[in-house]
Amino acid sequence: MGFKSDIEIAQEATPKDIREIAAKLGLTEDNLDLYGKYKAKVDINLLQKPSGKKAKLILTTAINPTPAGEGKTTTTIGAADALAKLGKNVMVALREPSLGPVFGVKGGAAGGGYAQVIPMEDINLHFTGDFHAIGAANNLIAAMLDNHVYQGNALDIDTRRVVWRRAVDMNDRQLRNIIDGLGGKAQGVPREDGFDITVASEIMAVFCLSSDIIDLKEKVAKIVVAYNRKGEPVTAGQLNAQGAVAALLKDALKPNLVQTLEGTPAFIHGGPFANIAHGCNSLLATKFAMNYADYVVTEAGFGADLGAEKFIDIKCRLSGLKPDAVIIVATVKALKYNGGVAKNDLGPENLEALEKGLPNLLKHVENVTKVFKLPAVVAINKFPTDTDAELKLVEDKCRELGVNVALSEVWGKGGVGGEALAKELIRLTDTESDMEFAYELEDPIKEKINKIATKIYGANGVNFTSKAEKEIANFEKLGFGNMPVCMAKTQYSLTDDQTKLGRPTDFDITVRDLTVSAGAGFIVVLTGDVMKMPGLPKVPSAEKIDVDENGVIAGLF
């Protein structure tokens with residue numbers, strides 16, 4: 001018997017009216033903006049009335065992702081459903097999926113199997129229009145900037161040093177580098193330009209790190225969009241763009257309420273990539289969830305070297321949040337892949353390859369428990385092909401580091417399949433932890449980068465190109481030196497070379513460039529060949545997606 005696809009499972013579900021889900025949180029229809037029967041936005045002003053709850057915050061992270069898939073979002077949703085089955089008042093807080101990966105290669109971000117958030121088709125496509133609003137806000141700044149230059153350039157902007165790029169939420173390599181303003185004097189000023197994918201834009205980061213509309217306006221005003229001919233930064237505030245940008249984002253800023261297949265309330269809001277941005281859902285959604293639940297399960301993108309590091313060193317540092325426990329998701333298949341087994345040969349038992357791949361998991365465990373000093377559990381997302389001997393090997397190695405392992409069968413069984421994981425999470429969240437950061441804000445920029453590279457990645461050190469050296473000196477001179485750093489690095493390896501799997505040793509990280517996200521409040525550090533605009537693969541997922549005469553979508557995972 002074949003397995004049902006994610007979309008088949010989701011379409012067979014009978015969702016509850018979103019007002020019924022809201023009622024579980026003590027919210028009434030007056031607190032909601034309804035988007036049909038199964039989606040709603042929540043009144044942002046409710047955050048001004050704290051509930052007095054002291055919710056336990058659980059962060060889900062993973063090993064370095066592989067083509068075999070780890071099931072991080074699936075585990076996050078399943079863990080929440082399992083906690084609900086144990087009688088806990090729980091919420092999920094997740095990122096919104098980007099259209100780029102949905103139509104590209106990675107797929108959506110609504111979970112899988114019997115641990116999904118619904119309506120999955122809406123969530124993975126236009127949802128409530130947040131990303132369109134964020135893209136429009138980004139492009140409004142771009143339009144105002146170029147119009148300022150065209151109308152006389154009172155700010156003396158150097159058109160060779162415009163750093164604000166346009167955005168579209170699609171994988172479109174053709175737009176990475178363009179020349180615009182062609183066609184004569186009336187059509188604008190010709191210059192080199194380009195597009196980033198919306199989820200990599202600074203507006204997305206600002207959106208996700210803002211605590212309210214006033215904070216959003218203040219952050220937007222600080223965004224550096226260009227430099228003048230004296231080399232001084234020009235901001236969106238100098239273009240008087242912050243008010244109009246905030247007007248575009250006013251409704252988007254309200255967290256989106258949906259539900260899991262089992263009726264657990266879920267906020268899905270904001271969606272920065274974790275390999276090129278900070279990789280966490282909005283601060284508003286996390287704080288809202290903690291205001292209405294006793295346990296909140298959230299996630300950070302990709303492995304603990306990227307998403308979890310940024311969750312702690314950026315989101316927690318800027319907000320005062322602290323995880324009470326961390327789930328580190330792994331699969332036997334992915335560990336065997338890290339041990340050198342080809343994707344098509346991952347089914348049969350292979351203890352030797354598993355032993356070789358395990359150091360990748362153990363490094364992520366060390367990062368969470370030894371660097372960040374947080375209690376953790378390893379969740380093995382179980383596949384039918386996993387053997388008892390393979391599972392025992394993983395369990396034994398993790399216990400050597402003092403970390404328990406819980407089998408997670410939420411993909412096939414829903415919340416019931418995550419009860420062992422949920423019980424371990426309840427135990428872990430009852431223990432006190434003293435979270436530490438990987439670096440201090442007062443550290444020089446180079447030292448921050450070096451600490452992440454050596455402590456988190458396991459590198460010997462960092463090489464800086466001459467361009468990177470120049471930018472670091474410039475940022476420190478301009479007063480940006482005390483910001484956190486946001487590493488842009490391949491997600492597939494602990495190094496900046498995606499082909500180096502497992503736990504590489506004796507390597508350096510190369511920093512090729514840096515940009516400042518002064519509005520979001522961090523410096524982006526570019527390593528390897530990571531780009532802020534992905535491309536589609538040879539056979540994009542878009543080719544398999546269709547819709548019938550009744551409006552029913554097929555092929556969406």
# chains A, B, ... in the order shown; residues from 1 in each chain; ligands from 1
$ residues_around --residues "Thr74 in chain A" --least-positions-apart "2" --cutoff "7 Å" --atoms "only C-alpha atoms" --output "PDB file with C-alpha atoms, in the first residue's frame"
ATOM      1  CA  GLY A  71      11.464  16.621   9.178  1.00  0.00           C
ATOM      2  CA  LYS A  72      12.157  19.585  11.464  1.00  0.00           C
ATOM      3  CA  THR A  76       7.865  20.773  15.743  1.00  0.00           C
ATOM      4  CA  ILE A  77       4.168  20.346  14.922  1.00  0.00           C
ATOM      5  CA  GLY A  78       4.085  16.738  16.151  1.00  0.00           C
ATOM      6  CA  GLY A 111       5.037  19.899   8.083  1.00  0.00           C
ATOM      7  CA  GLY A 112       4.251  16.478   6.655  1.00  0.00           C
ATOM      8  CA  ALA A 115       1.896  16.393  11.646  1.00  0.00           C
ATOM      9  CA  GLN A 116       0.869  19.337   9.492  1.00  0.00           C
ATOM     10  CA  TRP A 411       4.838  11.748  10.541  1.00  0.00           C
TER      11      TRP A 411
END
$ residues_around --residues "Ala244 in chain A" --least-positions-apart "3" --cutoff "12 Å" --atoms "only C-alpha atoms" --output "VMD selection string"
chain A and resid 133 136 to 141 144 213 216 to 217 220 to 221 236 to 237 239 to 241 247 to 250
$ select_by_dssp --residues "range 6-123 of chain A" --states "helix (DSSP H, G or I)" --output "PyMOL selection string"
chain A and resi 6-12+18-24+29-31+44-48+72-85+99-103+120-123
$ residues_around --residues "Ile123 in chain A" --least-positions-apart "2" --cutoff "9 Å" --atoms "only C-alpha atoms" --output "JSON, numbers by chain"
{"A": [96, 97, 108, 109, 110, 117, 118, 119, 120, 121, 125, 126, 127, 128, 268]}
$ write_last_selection --atoms "all heavy atoms" --output "short mmCIF file (atom, residue, chain, number, x, y, z; two decimals), in the first residue's frame"
data_model
loop_
_atom_site.label_atom_id
_atom_site.label_comp_id
_atom_site.auth_asym_id
_atom_site.auth_seq_id
_atom_site.Cartn_x
_atom_site.Cartn_y
_atom_site.Cartn_z
N GLU A 96 6.35 31.50 7.82
CA GLU A 96 5.56 31.31 6.60
C GLU A 96 6.49 30.81 5.49
O GLU A 96 7.62 31.28 5.37
CB GLU A 96 4.94 32.64 6.16
CG GLU A 96 4.00 33.27 7.16
CD GLU A 96 3.46 34.61 6.68
OE1 GLU A 96 3.00 34.69 5.51
OE2 GLU A 96 3.50 35.57 7.46
N PRO A 97 6.01 29.89 4.65
CA PRO A 97 6.84 29.42 3.54
C PRO A 97 7.00 30.49 2.46
O PRO A 97 6.10 31.29 2.22
CB PRO A 97 6.06 28.22 2.99
CG PRO A 97 5.04 27.88 4.03
CD PRO A 97 4.75 29.15 4.76
N GLY A 108 7.53 22.95 0.66
CA GLY A 108 6.88 23.92 1.55
C GLY A 108 7.37 23.83 2.97
O GLY A 108 8.40 23.22 3.25
N ALA A 109 6.61 24.42 3.85
CA ALA A 109 7.03 24.46 5.25
C ALA A 109 5.82 24.34 6.16
O ALA A 109 5.66 25.11 7.09
CB ALA A 109 7.80 25.75 5.52
N ALA A 110 4.96 23.39 5.84
CA ALA A 110 3.76 23.20 6.65
C ALA A 110 3.76 21.85 7.36
O ALA A 110 2.74 21.38 7.82
CB ALA A 110 2.51 23.33 5.77
N VAL A 117 0.31 21.69 9.56
CA VAL A 117 -0.59 22.81 9.80
C VAL A 117 -1.45 22.99 8.56
O VAL A 117 -1.00 22.75 7.43
CB VAL A 117 0.17 24.12 10.12
CG1 VAL A 117 0.57 24.17 11.58
CG2 VAL A 117 1.40 24.29 9.24
N ILE A 118 -2.71 23.36 8.80
CA ILE A 118 -3.65 23.49 7.69
C ILE A 118 -4.36 24.84 7.78
O ILE A 118 -4.42 25.43 8.86
CB ILE A 118 -4.68 22.33 7.70
CG1 ILE A 118 -5.32 22.17 9.09
CG2 ILE A 118 -4.06 21.05 7.21
CD1 ILE A 118 -6.43 21.12 9.16
N PRO A 119 -4.88 25.34 6.62
CA PRO A 119 -4.93 24.75 5.27
C PRO A 119 -3.58 24.85 4.56
O PRO A 119 -3.10 25.96 4.30
CB PRO A 119 -5.99 25.58 4.55
CG PRO A 119 -6.00 26.90 5.27
CD PRO A 119 -5.62 26.63 6.69
N MET A 120 -2.96 23.69 4.29
CA MET A 120 -1.57 23.68 3.82
C MET A 120 -1.41 24.33 2.45
O MET A 120 -0.38 24.95 2.17
CB MET A 120 -0.98 22.27 3.86
CG MET A 120 -1.46 21.31 2.79
SD MET A 120 -0.48 21.37 1.27
CE MET A 120 0.81 20.20 1.64
N GLU A 121 -2.43 24.22 1.57
CA GLU A 121 -2.30 24.85 0.25
C GLU A 121 -2.21 26.36 0.41
O GLU A 121 -1.38 27.03 -0.21
CB GLU A 121 -3.50 24.52 -0.66
CG GLU A 121 -3.80 23.05 -0.80
CD GLU A 121 -4.92 22.64 0.14
OE1 GLU A 121 -4.76 22.82 1.37
OE2 GLU A 121 -5.95 22.14 -0.34
N LEU A 125 1.05 28.89 -0.33
CA LEU A 125 0.92 29.77 -1.49
C LEU A 125 0.75 31.22 -1.03
O LEU A 125 1.64 31.76 -0.41
CB LEU A 125 -0.21 29.28 -2.40
CG LEU A 125 0.07 27.89 -3.02
CD1 LEU A 125 -1.11 27.38 -3.82
CD2 LEU A 125 1.32 27.90 -3.89
N HIS A 126 -0.37 31.87 -1.25
CA HIS A 126 -0.47 33.30 -0.93
C HIS A 126 -0.76 33.57 0.54
O HIS A 126 -0.52 34.67 1.02
CB HIS A 126 -1.56 33.96 -1.79
CG HIS A 126 -1.31 33.85 -3.25
ND1 HIS A 126 -0.32 34.57 -3.89
CD2 HIS A 126 -1.91 33.10 -4.20
CE1 HIS A 126 -0.33 34.27 -5.18
NE2 HIS A 126 -1.29 33.39 -5.39
N PHE A 127 -1.34 32.60 1.24
CA PHE A 127 -1.71 32.72 2.66
C PHE A 127 -2.54 33.98 2.89
O PHE A 127 -3.57 34.16 2.26
CB PHE A 127 -0.45 32.64 3.52
CG PHE A 127 -0.69 32.24 4.96
CD1 PHE A 127 -1.85 31.58 5.33
CD2 PHE A 127 0.24 32.52 5.94
CE1 PHE A 127 -2.08 31.21 6.65
CE2 PHE A 127 0.02 32.16 7.26
CZ PHE A 127 -1.13 31.51 7.61
N THR A 128 -2.09 34.89 3.76
CA THR A 128 -2.85 36.11 4.02
C THR A 128 -2.22 37.33 3.34
O THR A 128 -2.57 38.47 3.65
CB THR A 128 -2.95 36.37 5.54
OG1 THR A 128 -1.63 36.43 6.08
CG2 THR A 128 -3.74 35.27 6.23
N ILE A 268 1.61 31.34 12.35
CA ILE A 268 2.57 31.23 11.25
C ILE A 268 2.78 32.63 10.72
O ILE A 268 1.86 33.23 10.15
CB ILE A 268 2.06 30.28 10.15
CG1 ILE A 268 1.82 28.88 10.75
CG2 ILE A 268 3.03 30.21 8.99
CD1 ILE A 268 1.43 27.84 9.75
#
$ select_by_dssp --residues "range 191-416 of chain A" --states "strand (DSSP E or B)" --output "JSON, numbers by chain"
{"A": [191, 192, 193, 195, 196, 197, 224, 225, 226, 227, 228, 233, 234, 235, 256, 257, 258, 259, 260, 265, 266, 267, 268, 280, 295, 296, 297, 298, 299, 300, 325, 326, 327, 328, 329, 330, 376, 377, 378, 379, 380, 381, 404, 405, 406, 407, 408]}
$ atom_distance --atom1 "CA of Asp158 in chain A" --atom2 "CA of Leu182 in chain A"
17.7 Å
$ closest_residue --among "A:Tyr35, A:Val462, A:Gly412, A:Thr490" --to "Ser5 in chain A" --atoms "only C-alpha atoms"
A:Gly412
$ residues_around --residues "Val341 in chain A" --least-positions-apart "3" --cutoff "12 Å" --atoms "only C-alpha atoms" --output "ChimeraX atom specification"
/A:66-68,332-338,344-357,501-502
$ closest_residue --among "A:Val405, A:Ile44, A:Val297, A:Ala167" --to "Ala420 in chain A" --atoms "only C-alpha atoms"
A:Val405
$ residues_around --residues "range 321-329 of chain A" --least-positions-apart "4" --cutoff "7 Å" --atoms "only C-alpha atoms" --output "PyMOL selection string"
chain A and resi 56-63+70+72+316+374-381+425+428-429
$ closest_residue --among "A:Leu83, A:Val92, A:Leu514, A:Met487" --to "Asp313 in chain A" --atoms "only C-alpha atoms"
A:Met487
$ atom_distance --atom1 "CA of Thr510 in chain A" --atom2 "CA of Gly528 in chain A"
6.6 Å
$ residues_around --residues "Asp508 in chain A" --least-positions-apart "4" --cutoff "10 Å" --atoms "only C-alpha atoms" --output "ChimeraX atom specification"
/A:450,453-454,457-463,495-496
$ write_last_selection --atoms "C-alpha atoms" --output "mmCIF file, in the first residue's frame"
data_model
loop_
_atom_site.group_PDB
_atom_site.id
_atom_site.type_symbol
_atom_site.label_atom_id
_atom_site.label_comp_id
_atom_site.auth_asym_id
_atom_site.auth_seq_id
_atom_site.Cartn_x
_atom_site.Cartn_y
_atom_site.Cartn_z
ATOM 1 C CA ASN A 450 35.883 34.114 14.561
ATOM 2 C CA ALA A 453 33.472 29.906 13.152
ATOM 3 C CA THR A 454 35.608 28.234 15.813
ATOM 4 C CA TYR A 457 31.447 25.350 13.019
ATOM 5 C CA GLY A 458 34.650 23.852 14.418
ATOM 6 C CA ALA A 459 36.899 25.886 12.085
ATOM 7 C CA ASN A 460 40.560 26.671 12.724
ATOM 8 C CA GLY A 461 39.922 30.323 11.954
ATOM 9 C CA VAL A 462 38.638 32.846 9.406
ATOM 10 C CA ASN A 463 40.147 34.324 6.251
ATOM 11 C CA THR A 495 32.000 24.587 6.654
ATOM 12 C CA ASP A 496 31.404 27.137 3.868
#
